[in-house]
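Report on the following structure.
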Amino acid sequence: MSGQQLRLRIQTKSGHKVLEGLYLASTIGRLKEVISDITSIPQQRIKIRQGYPPKVIDITNEKSELSTLPFRSGDTLIVEEDNTVQNLATFAGTSNTKNIDSRADTLLQHQLEEGASGILTRRVVPADNSCLFTSVHLVMNDGDFDLSASSYLREVIAGIVSNNPSLFSEAMLGKPNKEYCKWIRDKNSWGGGIELSILSNYYSTEIAVVDTQSGRVDRFGEDKQLENRVFVIYDGIHYDPLVYEAVDQSGTVRTKFSIHNAVIMAQALELASEAKSIRMFTDVEGFSLRCLVCQQPLRGQREATDHAKATGHINFGEY
């Protein structure tokens, strides 16, 4: 059992990374080496948080095996650089550096408190072929649910595409520019990666799409050095928005977050993991499926898509 490979992902301030070559029998020291190699964080200053709310994991005993830690394959860990030791040993007499580290600690604490005082939740929107547009409008507008917004965003996309025919060529769109514009205006047309990329640029906000089947996060706009990020969750057919809600009954709702907020990213990944554990995803590679609403047997993406369009049912499971 200790020879079992351990597949882990880490969330750092620079984004997601995958840890390779680790096993349950690997030591904590080896874990630190791997993390240090891909993050450039000195081994003695690596801090790992896990769970919700995120808790610091004790990694001081470098000879202990990873099997002694609460990790399981598929987990995402929050990795931070701990400057506490360096601050005390090296910068004890440098007030300016102390102030800088204090501000960094305050920012981190704010993020942790933010994650601990509320929770990221999934808001379900109708399966009306415009779920992507409804979801994006909701997260871009502080939780405002407006079904009519989908037609507006379709027009926005069509206008951007038609005004940039050299960029949005047939090779990119999969169809001629004019044909695409007509297609995207149709309320029965489904949006995807191209539309998410355009909307991210339009709103100057990164759109993180959390895939419930793979656990992958696709970040549209990540190359633009944007300041804020919104989240939607995708199950293979349907998009829903992710909204942060306070747990103190204050009614506080947030949909936009700093791209450096690792706590919210961890919550989004946890939502995807929970959805996968209860089979709330649609495998699009041709597996046998069953509609969990009416129990009709289906096979593959095409049948599931046609069934969703015809019935509005969006909950599928493998069988």
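Identifiers for the structure tokens are assigned positionally: chains receive A, B, ... in sequence, residues are indexed from 1 per chain, and ligands are indexed from 1 in the order shown.
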
Excluding A:Glu195 and any residue of its chain fewer than 2 positions from it, enumerate the residues within 12 Å of it, using only C-alpha atoms, and give them as a PDB file with all heavy atoms, in the first residue's frame.
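The result, stored in result-v2.pdb:
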ATOM      1  N   SER A 130     -28.383  28.437 -22.680  1.00  0.00           N
ATOM      2  CA  SER A 130     -27.686  29.700 -22.448  1.00  0.00           C
ATOM      3  C   SER A 130     -27.052  29.739 -21.064  1.00  0.00           C
ATOM      4  O   SER A 130     -26.777  30.814 -20.538  1.00  0.00           O
ATOM      5  CB  SER A 130     -28.658  30.880 -22.611  1.00  0.00           C
ATOM      6  OG  SER A 130     -29.077  31.030 -23.954  1.00  0.00           O
ATOM      7  N   LEU A 132     -24.123  29.077 -19.978  1.00  0.00           N
ATOM      8  CA  LEU A 132     -22.817  29.732 -19.904  1.00  0.00           C
ATOM      9  C   LEU A 132     -22.989  31.241 -19.790  1.00  0.00           C
ATOM     10  O   LEU A 132     -22.366  31.887 -18.941  1.00  0.00           O
ATOM     11  CB  LEU A 132     -21.972  29.383 -21.133  1.00  0.00           C
ATOM     12  CG  LEU A 132     -20.568  30.001 -21.202  1.00  0.00           C
ATOM     13  CD1 LEU A 132     -19.613  29.069 -21.949  1.00  0.00           C
ATOM     14  CD2 LEU A 132     -20.577  31.359 -21.903  1.00  0.00           C
ATOM     15  N   PHE A 133     -23.848  31.809 -20.624  1.00  0.00           N
ATOM     16  CA  PHE A 133     -24.028  33.259 -20.650  1.00  0.00           C
ATOM     17  C   PHE A 133     -24.709  33.757 -19.375  1.00  0.00           C
ATOM     18  O   PHE A 133     -24.329  34.787 -18.811  1.00  0.00           O
ATOM     19  CB  PHE A 133     -24.821  33.658 -21.889  1.00  0.00           C
ATOM     20  CG  PHE A 133     -24.223  33.122 -23.163  1.00  0.00           C
ATOM     21  CD1 PHE A 133     -24.826  32.079 -23.844  1.00  0.00           C
ATOM     22  CD2 PHE A 133     -23.037  33.635 -23.661  1.00  0.00           C
ATOM     23  CE1 PHE A 133     -24.280  31.563 -25.002  1.00  0.00           C
ATOM     24  CE2 PHE A 133     -22.474  33.130 -24.822  1.00  0.00           C
ATOM     25  CZ  PHE A 133     -23.091  32.084 -25.496  1.00  0.00           C
ATOM     26  N   VAL A 136     -22.025  33.548 -16.558  1.00  0.00           N
ATOM     27  CA  VAL A 136     -20.990  34.587 -16.651  1.00  0.00           C
ATOM     28  C   VAL A 136     -21.565  35.946 -16.273  1.00  0.00           C
ATOM     29  O   VAL A 136     -20.939  36.715 -15.536  1.00  0.00           O
ATOM     30  CB  VAL A 136     -20.378  34.621 -18.062  1.00  0.00           C
ATOM     31  CG1 VAL A 136     -19.510  35.872 -18.241  1.00  0.00           C
ATOM     32  CG2 VAL A 136     -19.544  33.369 -18.306  1.00  0.00           C
ATOM     33  N   SER A 150     -28.528  36.767 -21.383  1.00  0.00           N
ATOM     34  CA  SER A 150     -27.864  35.877 -22.337  1.00  0.00           C
ATOM     35  C   SER A 150     -27.922  36.420 -23.754  1.00  0.00           C
ATOM     36  O   SER A 150     -26.935  36.348 -24.502  1.00  0.00           O
ATOM     37  CB  SER A 150     -28.493  34.481 -22.279  1.00  0.00           C
ATOM     38  OG  SER A 150     -29.874  34.535 -22.589  1.00  0.00           O
ATOM     39  N   LEU A 153     -25.311  39.196 -24.111  1.00  0.00           N
ATOM     40  CA  LEU A 153     -23.940  38.721 -24.234  1.00  0.00           C
ATOM     41  C   LEU A 153     -23.695  38.036 -25.567  1.00  0.00           C
ATOM     42  O   LEU A 153     -22.588  38.111 -26.123  1.00  0.00           O
ATOM     43  CB  LEU A 153     -23.613  37.769 -23.078  1.00  0.00           C
ATOM     44  CG  LEU A 153     -23.516  38.413 -21.698  1.00  0.00           C
ATOM     45  CD1 LEU A 153     -23.093  37.386 -20.651  1.00  0.00           C
ATOM     46  CD2 LEU A 153     -22.522  39.577 -21.710  1.00  0.00           C
ATOM     47  N   ARG A 154     -24.709  37.380 -26.108  1.00  0.00           N
ATOM     48  CA  ARG A 154     -24.572  36.809 -27.451  1.00  0.00           C
ATOM     49  C   ARG A 154     -24.311  37.916 -28.470  1.00  0.00           C
ATOM     50  O   ARG A 154     -23.473  37.768 -29.375  1.00  0.00           O
ATOM     51  CB  ARG A 154     -25.833  36.027 -27.823  1.00  0.00           C
ATOM     52  CG  ARG A 154     -26.017  34.713 -27.055  1.00  0.00           C
ATOM     53  CD  ARG A 154     -27.310  34.031 -27.470  1.00  0.00           C
ATOM     54  NE  ARG A 154     -27.595  32.824 -26.708  1.00  0.00           N
ATOM     55  CZ  ARG A 154     -27.112  31.616 -26.971  1.00  0.00           C
ATOM     56  NH1 ARG A 154     -26.299  31.480 -28.016  1.00  0.00           N
ATOM     57  NH2 ARG A 154     -27.430  30.571 -26.232  1.00  0.00           N
ATOM     58  N   GLU A 155     -25.004  39.028 -28.325  1.00  0.00           N
ATOM     59  CA  GLU A 155     -24.797  40.164 -29.229  1.00  0.00           C
ATOM     60  C   GLU A 155     -23.414  40.776 -29.043  1.00  0.00           C
ATOM     61  O   GLU A 155     -22.765  41.186 -30.014  1.00  0.00           O
ATOM     62  CB  GLU A 155     -25.874  41.228 -29.001  1.00  0.00           C
ATOM     63  CG  GLU A 155     -27.236  40.875 -29.565  1.00  0.00           C
ATOM     64  CD  GLU A 155     -27.217  40.749 -31.096  1.00  0.00           C
ATOM     65  OE1 GLU A 155     -26.370  41.403 -31.741  1.00  0.00           O
ATOM     66  OE2 GLU A 155     -28.038  39.984 -31.619  1.00  0.00           O
ATOM     67  N   VAL A 156     -22.972  40.854 -27.797  1.00  0.00           N
ATOM     68  CA  VAL A 156     -21.628  41.372 -27.526  1.00  0.00           C
ATOM     69  C   VAL A 156     -20.588  40.527 -28.250  1.00  0.00           C
ATOM     70  O   VAL A 156     -19.684  41.051 -28.920  1.00  0.00           O
ATOM     71  CB  VAL A 156     -21.348  41.368 -26.008  1.00  0.00           C
ATOM     72  CG1 VAL A 156     -19.851  41.580 -25.735  1.00  0.00           C
ATOM     73  CG2 VAL A 156     -22.153  42.463 -25.323  1.00  0.00           C
ATOM     74  N   ILE A 157     -20.701  39.218 -28.122  1.00  0.00           N
ATOM     75  CA  ILE A 157     -19.745  38.313 -28.761  1.00  0.00           C
ATOM     76  C   ILE A 157     -19.813  38.428 -30.279  1.00  0.00           C
ATOM     77  O   ILE A 157     -18.773  38.521 -30.959  1.00  0.00           O
ATOM     78  CB  ILE A 157     -20.004  36.867 -28.313  1.00  0.00           C
ATOM     79  CG1 ILE A 157     -19.689  36.721 -26.824  1.00  0.00           C
ATOM     80  CG2 ILE A 157     -19.178  35.880 -29.137  1.00  0.00           C
ATOM     81  CD1 ILE A 157     -20.137  35.414 -26.220  1.00  0.00           C
ATOM     82  N   ALA A 158     -21.018  38.441 -30.816  1.00  0.00           N
ATOM     83  CA  ALA A 158     -21.175  38.556 -32.265  1.00  0.00           C
ATOM     84  C   ALA A 158     -20.560  39.860 -32.773  1.00  0.00           C
ATOM     85  O   ALA A 158     -19.905  39.886 -33.830  1.00  0.00           O
ATOM     86  CB  ALA A 158     -22.654  38.485 -32.641  1.00  0.00           C
ATOM     87  N   ILE A 160     -18.076  41.649 -31.400  1.00  0.00           N
ATOM     88  CA  ILE A 160     -16.612  41.580 -31.304  1.00  0.00           C
ATOM     89  C   ILE A 160     -16.040  40.715 -32.422  1.00  0.00           C
ATOM     90  O   ILE A 160     -15.040  41.071 -33.065  1.00  0.00           O
ATOM     91  CB  ILE A 160     -16.197  41.024 -29.930  1.00  0.00           C
ATOM     92  CG1 ILE A 160     -16.540  42.037 -28.833  1.00  0.00           C
ATOM     93  CG2 ILE A 160     -14.709  40.692 -29.906  1.00  0.00           C
ATOM     94  CD1 ILE A 160     -16.343  41.514 -27.425  1.00  0.00           C
ATOM     95  N   VAL A 161     -16.681  39.604 -32.693  1.00  0.00           N
ATOM     96  CA  VAL A 161     -16.199  38.691 -33.732  1.00  0.00           C
ATOM     97  C   VAL A 161     -16.333  39.313 -35.115  1.00  0.00           C
ATOM     98  O   VAL A 161     -15.399  39.274 -35.931  1.00  0.00           O
ATOM     99  CB  VAL A 161     -16.962  37.351 -33.657  1.00  0.00           C
ATOM    100  CG1 VAL A 161     -16.660  36.486 -34.888  1.00  0.00           C
ATOM    101  CG2 VAL A 161     -16.592  36.608 -32.385  1.00  0.00           C
ATOM    102  N   PHE A 168     -10.694  36.550 -35.794  1.00  0.00           N
ATOM    103  CA  PHE A 168     -11.693  35.485 -35.678  1.00  0.00           C
ATOM    104  C   PHE A 168     -11.982  34.920 -37.061  1.00  0.00           C
ATOM    105  O   PHE A 168     -13.017  35.172 -37.670  1.00  0.00           O
ATOM    106  CB  PHE A 168     -12.955  36.019 -35.007  1.00  0.00           C
ATOM    107  CG  PHE A 168     -12.724  36.471 -33.590  1.00  0.00           C
ATOM    108  CD1 PHE A 168     -12.631  37.817 -33.284  1.00  0.00           C
ATOM    109  CD2 PHE A 168     -12.561  35.547 -32.568  1.00  0.00           C
ATOM    110  CE1 PHE A 168     -12.415  38.245 -31.985  1.00  0.00           C
ATOM    111  CE2 PHE A 168     -12.334  35.962 -31.267  1.00  0.00           C
ATOM    112  CZ  PHE A 168     -12.253  37.312 -30.972  1.00  0.00           C
ATOM    113  N   MET A 172     -10.161  29.617 -36.667  1.00  0.00           N
ATOM    114  CA  MET A 172     -10.363  29.704 -35.226  1.00  0.00           C
ATOM    115  C   MET A 172     -11.774  29.311 -34.829  1.00  0.00           C
ATOM    116  O   MET A 172     -11.976  28.596 -33.834  1.00  0.00           O
ATOM    117  CB  MET A 172     -10.083  31.129 -34.721  1.00  0.00           C
ATOM    118  CG  MET A 172     -10.413  31.319 -33.240  1.00  0.00           C
ATOM    119  SD  MET A 172     -10.164  32.996 -32.647  1.00  0.00           S
ATOM    120  CE  MET A 172      -8.370  33.026 -32.544  1.00  0.00           C
ATOM    121  N   LEU A 173     -12.741  29.759 -35.589  1.00  0.00           N
ATOM    122  CA  LEU A 173     -14.139  29.591 -35.213  1.00  0.00           C
ATOM    123  C   LEU A 173     -14.735  28.252 -35.629  1.00  0.00           C
ATOM    124  O   LEU A 173     -15.762  27.830 -35.085  1.00  0.00           O
ATOM    125  CB  LEU A 173     -14.979  30.717 -35.826  1.00  0.00           C
ATOM    126  CG  LEU A 173     -14.616  32.145 -35.413  1.00  0.00           C
ATOM    127  CD1 LEU A 173     -15.410  33.152 -36.253  1.00  0.00           C
ATOM    128  CD2 LEU A 173     -14.882  32.360 -33.929  1.00  0.00           C
ATOM    129  N   TYR A 180     -20.680  32.157 -38.108  1.00  0.00           N
ATOM    130  CA  TYR A 180     -20.542  32.042 -36.660  1.00  0.00           C
ATOM    131  C   TYR A 180     -21.401  33.085 -35.948  1.00  0.00           C
ATOM    132  O   TYR A 180     -22.080  32.774 -34.954  1.00  0.00           O
ATOM    133  CB  TYR A 180     -19.078  32.209 -36.235  1.00  0.00           C
ATOM    134  CG  TYR A 180     -18.923  32.338 -34.737  1.00  0.00           C
ATOM    135  CD1 TYR A 180     -18.818  31.207 -33.927  1.00  0.00           C
ATOM    136  CD2 TYR A 180     -18.931  33.596 -34.122  1.00  0.00           C
ATOM    137  CE1 TYR A 180     -18.717  31.324 -32.543  1.00  0.00           C
ATOM    138  CE2 TYR A 180     -18.830  33.724 -32.744  1.00  0.00           C
ATOM    139  CZ  TYR A 180     -18.719  32.588 -31.957  1.00  0.00           C
ATOM    140  OH  TYR A 180     -18.636  32.710 -30.596  1.00  0.00           O
ATOM    141  N   CYS A 181     -21.369  34.329 -36.437  1.00  0.00           N
ATOM    142  CA  CYS A 181     -22.136  35.396 -35.790  1.00  0.00           C
ATOM    143  C   CYS A 181     -23.631  35.086 -35.798  1.00  0.00           C
ATOM    144  O   CYS A 181     -24.334  35.345 -34.810  1.00  0.00           O
ATOM    145  CB  CYS A 181     -21.864  36.731 -36.482  1.00  0.00           C
ATOM    146  SG  CYS A 181     -20.176  37.330 -36.210  1.00  0.00           S
ATOM    147  N   ILE A 184     -24.101  32.171 -33.140  1.00  0.00           N
ATOM    148  CA  ILE A 184     -24.012  32.504 -31.716  1.00  0.00           C
ATOM    149  C   ILE A 184     -25.205  33.334 -31.266  1.00  0.00           C
ATOM    150  O   ILE A 184     -25.556  33.351 -30.074  1.00  0.00           O
ATOM    151  CB  ILE A 184     -22.688  33.237 -31.401  1.00  0.00           C
ATOM    152  CG1 ILE A 184     -22.399  33.192 -29.883  1.00  0.00           C
ATOM    153  CG2 ILE A 184     -22.734  34.677 -31.888  1.00  0.00           C
ATOM    154  CD1 ILE A 184     -22.265  31.824 -29.312  1.00  0.00           C
ATOM    155  N   ARG A 185     -25.850  34.025 -32.179  1.00  0.00           N
ATOM    156  CA  ARG A 185     -27.044  34.803 -31.817  1.00  0.00           C
ATOM    157  C   ARG A 185     -28.255  33.900 -31.575  1.00  0.00           C
ATOM    158  O   ARG A 185     -29.239  34.319 -30.953  1.00  0.00           O
ATOM    159  CB  ARG A 185     -27.375  35.816 -32.920  1.00  0.00           C
ATOM    160  CG  ARG A 185     -26.425  37.003 -32.995  1.00  0.00           C
ATOM    161  CD  ARG A 185     -26.928  38.023 -34.014  1.00  0.00           C
ATOM    162  NE  ARG A 185     -26.161  39.250 -33.986  1.00  0.00           N
ATOM    163  CZ  ARG A 185     -25.221  39.582 -34.879  1.00  0.00           C
ATOM    164  NH1 ARG A 185     -24.941  38.727 -35.870  1.00  0.00           N
ATOM    165  NH2 ARG A 185     -24.563  40.713 -34.787  1.00  0.00           N
ATOM    166  N   SER A 189     -27.889  27.837 -29.430  1.00  0.00           N
ATOM    167  CA  SER A 189     -26.467  27.518 -29.583  1.00  0.00           C
ATOM    168  C   SER A 189     -25.769  27.565 -28.231  1.00  0.00           C
ATOM    169  O   SER A 189     -25.979  28.494 -27.457  1.00  0.00           O
ATOM    170  CB  SER A 189     -25.796  28.508 -30.543  1.00  0.00           C
ATOM    171  OG  SER A 189     -26.378  28.429 -31.833  1.00  0.00           O
ATOM    172  N   TRP A 190     -24.938  26.580 -27.988  1.00  0.00           N
ATOM    173  CA  TRP A 190     -24.225  26.483 -26.718  1.00  0.00           C
ATOM    174  C   TRP A 190     -22.884  27.192 -26.796  1.00  0.00           C
ATOM    175  O   TRP A 190     -22.175  27.102 -27.796  1.00  0.00           O
ATOM    176  CB  TRP A 190     -23.978  25.017 -26.361  1.00  0.00           C
ATOM    177  CG  TRP A 190     -25.215  24.260 -25.993  1.00  0.00           C
ATOM    178  CD1 TRP A 190     -26.495  24.519 -26.393  1.00  0.00           C
ATOM    179  CD2 TRP A 190     -25.297  23.101 -25.162  1.00  0.00           C
ATOM    180  NE1 TRP A 190     -27.369  23.603 -25.866  1.00  0.00           N
ATOM    181  CE2 TRP A 190     -26.664  22.717 -25.107  1.00  0.00           C
ATOM    182  CE3 TRP A 190     -24.355  22.359 -24.469  1.00  0.00           C
ATOM    183  CZ2 TRP A 190     -27.093  21.618 -24.377  1.00  0.00           C
ATOM    184  CZ3 TRP A 190     -24.776  21.265 -23.743  1.00  0.00           C
ATOM    185  CH2 TRP A 190     -26.138  20.896 -23.692  1.00  0.00           C
ATOM    186  N   GLY A 191     -22.491  27.877 -25.736  1.00  0.00           N
ATOM    187  CA  GLY A 191     -21.191  28.525 -25.678  1.00  0.00           C
ATOM    188  C   GLY A 191     -20.122  27.583 -25.154  1.00  0.00           C
ATOM    189  O   GLY A 191     -20.412  26.543 -24.571  1.00  0.00           O
ATOM    190  N   GLY A 192     -18.865  27.973 -25.350  1.00  0.00           N
ATOM    191  CA  GLY A 192     -17.741  27.157 -24.888  1.00  0.00           C
ATOM    192  C   GLY A 192     -16.488  27.997 -24.728  1.00  0.00           C
ATOM    193  O   GLY A 192     -16.551  29.163 -24.336  1.00  0.00           O
ATOM    194  N   GLY A 193     -15.348  27.411 -25.066  1.00  0.00           N
ATOM    195  CA  GLY A 193     -14.070  28.052 -24.836  1.00  0.00           C
ATOM    196  C   GLY A 193     -13.884  29.378 -25.554  1.00  0.00           C
ATOM    197  O   GLY A 193     -13.356  30.340 -24.979  1.00  0.00           O
ATOM    198  N   SER A 197     -13.360  32.984 -23.602  1.00  0.00           N
ATOM    199  CA  SER A 197     -12.177  33.811 -23.824  1.00  0.00           C
ATOM    200  C   SER A 197     -12.571  35.235 -24.207  1.00  0.00           C
ATOM    201  O   SER A 197     -12.001  36.210 -23.701  1.00  0.00           O
ATOM    202  CB  SER A 197     -11.316  33.187 -24.932  1.00  0.00           C
ATOM    203  OG  SER A 197     -10.173  33.966 -25.175  1.00  0.00           O
ATOM    204  N   ILE A 198     -13.564  35.360 -25.072  1.00  0.00           N
ATOM    205  CA  ILE A 198     -14.027  36.684 -25.497  1.00  0.00           C
ATOM    206  C   ILE A 198     -14.632  37.446 -24.317  1.00  0.00           C
ATOM    207  O   ILE A 198     -14.363  38.642 -24.126  1.00  0.00           O
ATOM    208  CB  ILE A 198     -15.059  36.548 -26.639  1.00  0.00           C
ATOM    209  CG1 ILE A 198     -14.381  36.020 -27.903  1.00  0.00           C
ATOM    210  CG2 ILE A 198     -15.739  37.892 -26.922  1.00  0.00           C
ATOM    211  CD1 ILE A 198     -15.340  35.696 -29.029  1.00  0.00           C
ATOM    212  N   LEU A 199     -15.434  36.774 -23.515  1.00  0.00           N
ATOM    213  CA  LEU A 199     -16.084  37.445 -22.381  1.00  0.00           C
ATOM    214  C   LEU A 199     -15.089  37.828 -21.296  1.00  0.00           C
ATOM    215  O   LEU A 199     -15.233  38.866 -20.646  1.00  0.00           O
ATOM    216  CB  LEU A 199     -17.181  36.547 -21.808  1.00  0.00           C
ATOM    217  CG  LEU A 199     -18.402  36.365 -22.723  1.00  0.00           C
ATOM    218  CD1 LEU A 199     -19.364  35.340 -22.132  1.00  0.00           C
ATOM    219  CD2 LEU A 199     -19.115  37.691 -22.949  1.00  0.00           C
ATOM    220  N   SER A 200     -14.062  37.012 -21.110  1.00  0.00           N
ATOM    221  CA  SER A 200     -13.020  37.371 -20.154  1.00  0.00           C
ATOM    222  C   SER A 200     -12.344  38.670 -20.564  1.00  0.00           C
ATOM    223  O   SER A 200     -12.117  39.563 -19.737  1.00  0.00           O
ATOM    224  CB  SER A 200     -11.982  36.249 -20.062  1.00  0.00           C
ATOM    225  OG  SER A 200     -10.860  36.673 -19.309  1.00  0.00           O
ATOM    226  N   ASN A 201     -12.040  38.788 -21.841  1.00  0.00           N
ATOM    227  CA  ASN A 201     -11.411  40.005 -22.349  1.00  0.00           C
ATOM    228  C   ASN A 201     -12.369  41.200 -22.280  1.00  0.00           C
ATOM    229  O   ASN A 201     -11.970  42.315 -21.924  1.00  0.00           O
ATOM    230  CB  ASN A 201     -10.957  39.775 -23.788  1.00  0.00           C
ATOM    231  CG  ASN A 201     -10.084  40.899 -24.305  1.00  0.00           C
ATOM    232  OD1 ASN A 201      -9.039  41.202 -23.747  1.00  0.00           O
ATOM    233  ND2 ASN A 201     -10.520  41.535 -25.381  1.00  0.00           N
ATOM    234  N   TYR A 202     -13.636  40.950 -22.568  1.00  0.00           N
ATOM    235  CA  TYR A 202     -14.644  42.015 -22.547  1.00  0.00           C
ATOM    236  C   TYR A 202     -14.799  42.603 -21.151  1.00  0.00           C
ATOM    237  O   TYR A 202     -14.901  43.823 -20.981  1.00  0.00           O
ATOM    238  CB  TYR A 202     -15.976  41.445 -23.043  1.00  0.00           C
ATOM    239  CG  TYR A 202     -17.150  42.403 -22.946  1.00  0.00           C
ATOM    240  CD1 TYR A 202     -17.258  43.493 -23.810  1.00  0.00           C
ATOM    241  CD2 TYR A 202     -18.160  42.202 -22.004  1.00  0.00           C
ATOM    242  CE1 TYR A 202     -18.338  44.357 -23.734  1.00  0.00           C
ATOM    243  CE2 TYR A 202     -19.232  43.062 -21.922  1.00  0.00           C
ATOM    244  CZ  TYR A 202     -19.317  44.141 -22.793  1.00  0.00           C
ATOM    245  OH  TYR A 202     -20.392  45.007 -22.706  1.00  0.00           O
ATOM    246  N   ILE A 207     -11.769  34.278 -16.032  1.00  0.00           N
ATOM    247  CA  ILE A 207     -12.857  33.340 -15.786  1.00  0.00           C
ATOM    248  C   ILE A 207     -12.243  31.961 -15.554  1.00  0.00           C
ATOM    249  O   ILE A 207     -11.622  31.382 -16.447  1.00  0.00           O
ATOM    250  CB  ILE A 207     -13.844  33.279 -16.957  1.00  0.00           C
ATOM    251  CG1 ILE A 207     -14.454  34.661 -17.224  1.00  0.00           C
ATOM    252  CG2 ILE A 207     -14.952  32.259 -16.667  1.00  0.00           C
ATOM    253  CD1 ILE A 207     -15.360  34.708 -18.445  1.00  0.00           C
ATOM    254  N   PHE A 220      -9.444  31.276 -18.272  1.00  0.00           N
ATOM    255  CA  PHE A 220      -9.532  32.107 -19.466  1.00  0.00           C
ATOM    256  C   PHE A 220      -9.138  33.542 -19.095  1.00  0.00           C
ATOM    257  O   PHE A 220      -9.724  34.150 -18.211  1.00  0.00           O
ATOM    258  CB  PHE A 220     -10.946  32.059 -20.047  1.00  0.00           C
ATOM    259  CG  PHE A 220     -11.311  30.704 -20.578  1.00  0.00           C
ATOM    260  CD1 PHE A 220     -11.867  29.744 -19.741  1.00  0.00           C
ATOM    261  CD2 PHE A 220     -11.064  30.373 -21.897  1.00  0.00           C
ATOM    262  CE1 PHE A 220     -12.177  28.476 -20.208  1.00  0.00           C
ATOM    263  CE2 PHE A 220     -11.383  29.112 -22.382  1.00  0.00           C
ATOM    264  CZ  PHE A 220     -11.935  28.163 -21.543  1.00  0.00           C
ATOM    265  N   GLY A 221      -8.111  34.039 -19.787  1.00  0.00           N
ATOM    266  CA  GLY A 221      -7.590  35.363 -19.489  1.00  0.00           C
ATOM    267  C   GLY A 221      -6.374  35.334 -18.591  1.00  0.00           C
ATOM    268  O   GLY A 221      -5.878  36.392 -18.190  1.00  0.00           O
TER     269      GLY A 221
END

**Q.** A:Gln11 surroundings by only C-alpha atoms, 9 Å radius, close-in-sequence under 6 positions cut, as a ChimeraX atom specification
**A.** /A:17,76-80,262,265-266

Keeping N, CA, C and O atoms, export the residues of the selection given above as a PDB file, in the first residue's frame.
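Here's the written file out_25.pdb:
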ATOM      1  N   LYS A  17       0.147  23.725  -9.972  1.00  0.00           N
ATOM      2  CA  LYS A  17       1.233  22.882 -10.443  1.00  0.00           C
ATOM      3  C   LYS A  17       0.952  21.450  -9.988  1.00  0.00           C
ATOM      4  O   LYS A  17       0.227  21.226  -9.022  1.00  0.00           O
ATOM      5  N   THR A  76      -5.643  18.862  -3.629  1.00  0.00           N
ATOM      6  CA  THR A  76      -4.931  20.088  -3.959  1.00  0.00           C
ATOM      7  C   THR A  76      -4.504  20.752  -2.657  1.00  0.00           C
ATOM      8  O   THR A  76      -5.322  20.967  -1.768  1.00  0.00           O
ATOM      9  N   LEU A  77      -3.225  21.048  -2.549  1.00  0.00           N
ATOM     10  CA  LEU A  77      -2.655  21.652  -1.347  1.00  0.00           C
ATOM     11  C   LEU A  77      -2.328  23.115  -1.611  1.00  0.00           C
ATOM     12  O   LEU A  77      -1.937  23.483  -2.718  1.00  0.00           O
ATOM     13  N   ILE A  78      -2.511  23.945  -0.610  1.00  0.00           N
ATOM     14  CA  ILE A  78      -2.128  25.352  -0.710  1.00  0.00           C
ATOM     15  C   ILE A  78      -0.701  25.475  -0.191  1.00  0.00           C
ATOM     16  O   ILE A  78      -0.421  25.147   0.958  1.00  0.00           O
ATOM     17  N   VAL A  79       0.195  25.914  -1.060  1.00  0.00           N
ATOM     18  CA  VAL A  79       1.605  26.039  -0.689  1.00  0.00           C
ATOM     19  C   VAL A  79       1.989  27.509  -0.611  1.00  0.00           C
ATOM     20  O   VAL A  79       1.750  28.275  -1.553  1.00  0.00           O
ATOM     21  N   GLU A  80       2.574  27.895   0.513  1.00  0.00           N
ATOM     22  CA  GLU A  80       2.963  29.286   0.747  1.00  0.00           C
ATOM     23  C   GLU A  80       4.418  29.335   1.197  1.00  0.00           C
ATOM     24  O   GLU A  80       4.970  28.336   1.646  1.00  0.00           O
ATOM     25  N   ALA A 262      -5.801  32.104  -2.839  1.00  0.00           N
ATOM     26  CA  ALA A 262      -5.690  30.647  -2.904  1.00  0.00           C
ATOM     27  C   ALA A 262      -6.800  29.954  -2.132  1.00  0.00           C
ATOM     28  O   ALA A 262      -7.156  28.815  -2.430  1.00  0.00           O
ATOM     29  N   MET A 265      -9.822  29.548  -4.404  1.00  0.00           N
ATOM     30  CA  MET A 265      -9.509  28.525  -5.406  1.00  0.00           C
ATOM     31  C   MET A 265      -9.623  27.136  -4.796  1.00  0.00           C
ATOM     32  O   MET A 265     -10.167  26.210  -5.414  1.00  0.00           O
ATOM     33  N   ALA A 266      -9.142  26.980  -3.574  1.00  0.00           N
ATOM     34  CA  ALA A 266      -9.224  25.681  -2.901  1.00  0.00           C
ATOM     35  C   ALA A 266     -10.680  25.276  -2.684  1.00  0.00           C
ATOM     36  O   ALA A 266     -11.042  24.105  -2.834  1.00  0.00           O
TER      37      ALA A 266
END

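Take atom CA of A:Ile10 and atom CA of A:Tyr244: the distance between them is 21.9 Å.
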
Q. Atom CA of A:Val253 and atom CA of A:Asp146, how far apart in Å?
A.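 That distance, rounded to one decimal, is 16.0 Å.
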
**Q.** Polymer residues at most 8 Å from A:Leu120, only C-alpha atoms, same-chain spacing of 2 or more positions, as an NGL selection string
**A.** :A and (118 or 122 or 242-245 or 264 or 267-268)

Q: Pull the strand (DSSP E or B) assignments for stretch 16-256 of chain A out of DSSP run on the backbone, and list those residues as an MDAnalysis selection string.
A: chainID A and resid 16:19 23 27 46:50 55:56 65 76:81 118:122 206:211 217:220 228:234 239:246 253:254

Q. In stretch 199-284 of chain A, what's alpha helix (DSSP H) per DSSP? Answer as a ChimeraX atom specification?
A. /A:199-203,262-277

Q: Name all residues at most 8 Å from A:Val232 (count only C-alpha atoms; drop same-chain ones fewer than 4 positions away) and give them as a list in words.
A: Ser135, Val136, Ile207, Ala208, Val209, Val210, Tyr239, Asp240, Pro241 and Leu242 of chain A

Q: Select, from A:Ser67, A:Thr60, A:Thr134, A:Thr121, the residue with the minimum atom-to-atom distance to A:Arg45, counting only C-alpha atoms.
A: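 Closest residue, counting only C-alpha atoms: A:Thr60.
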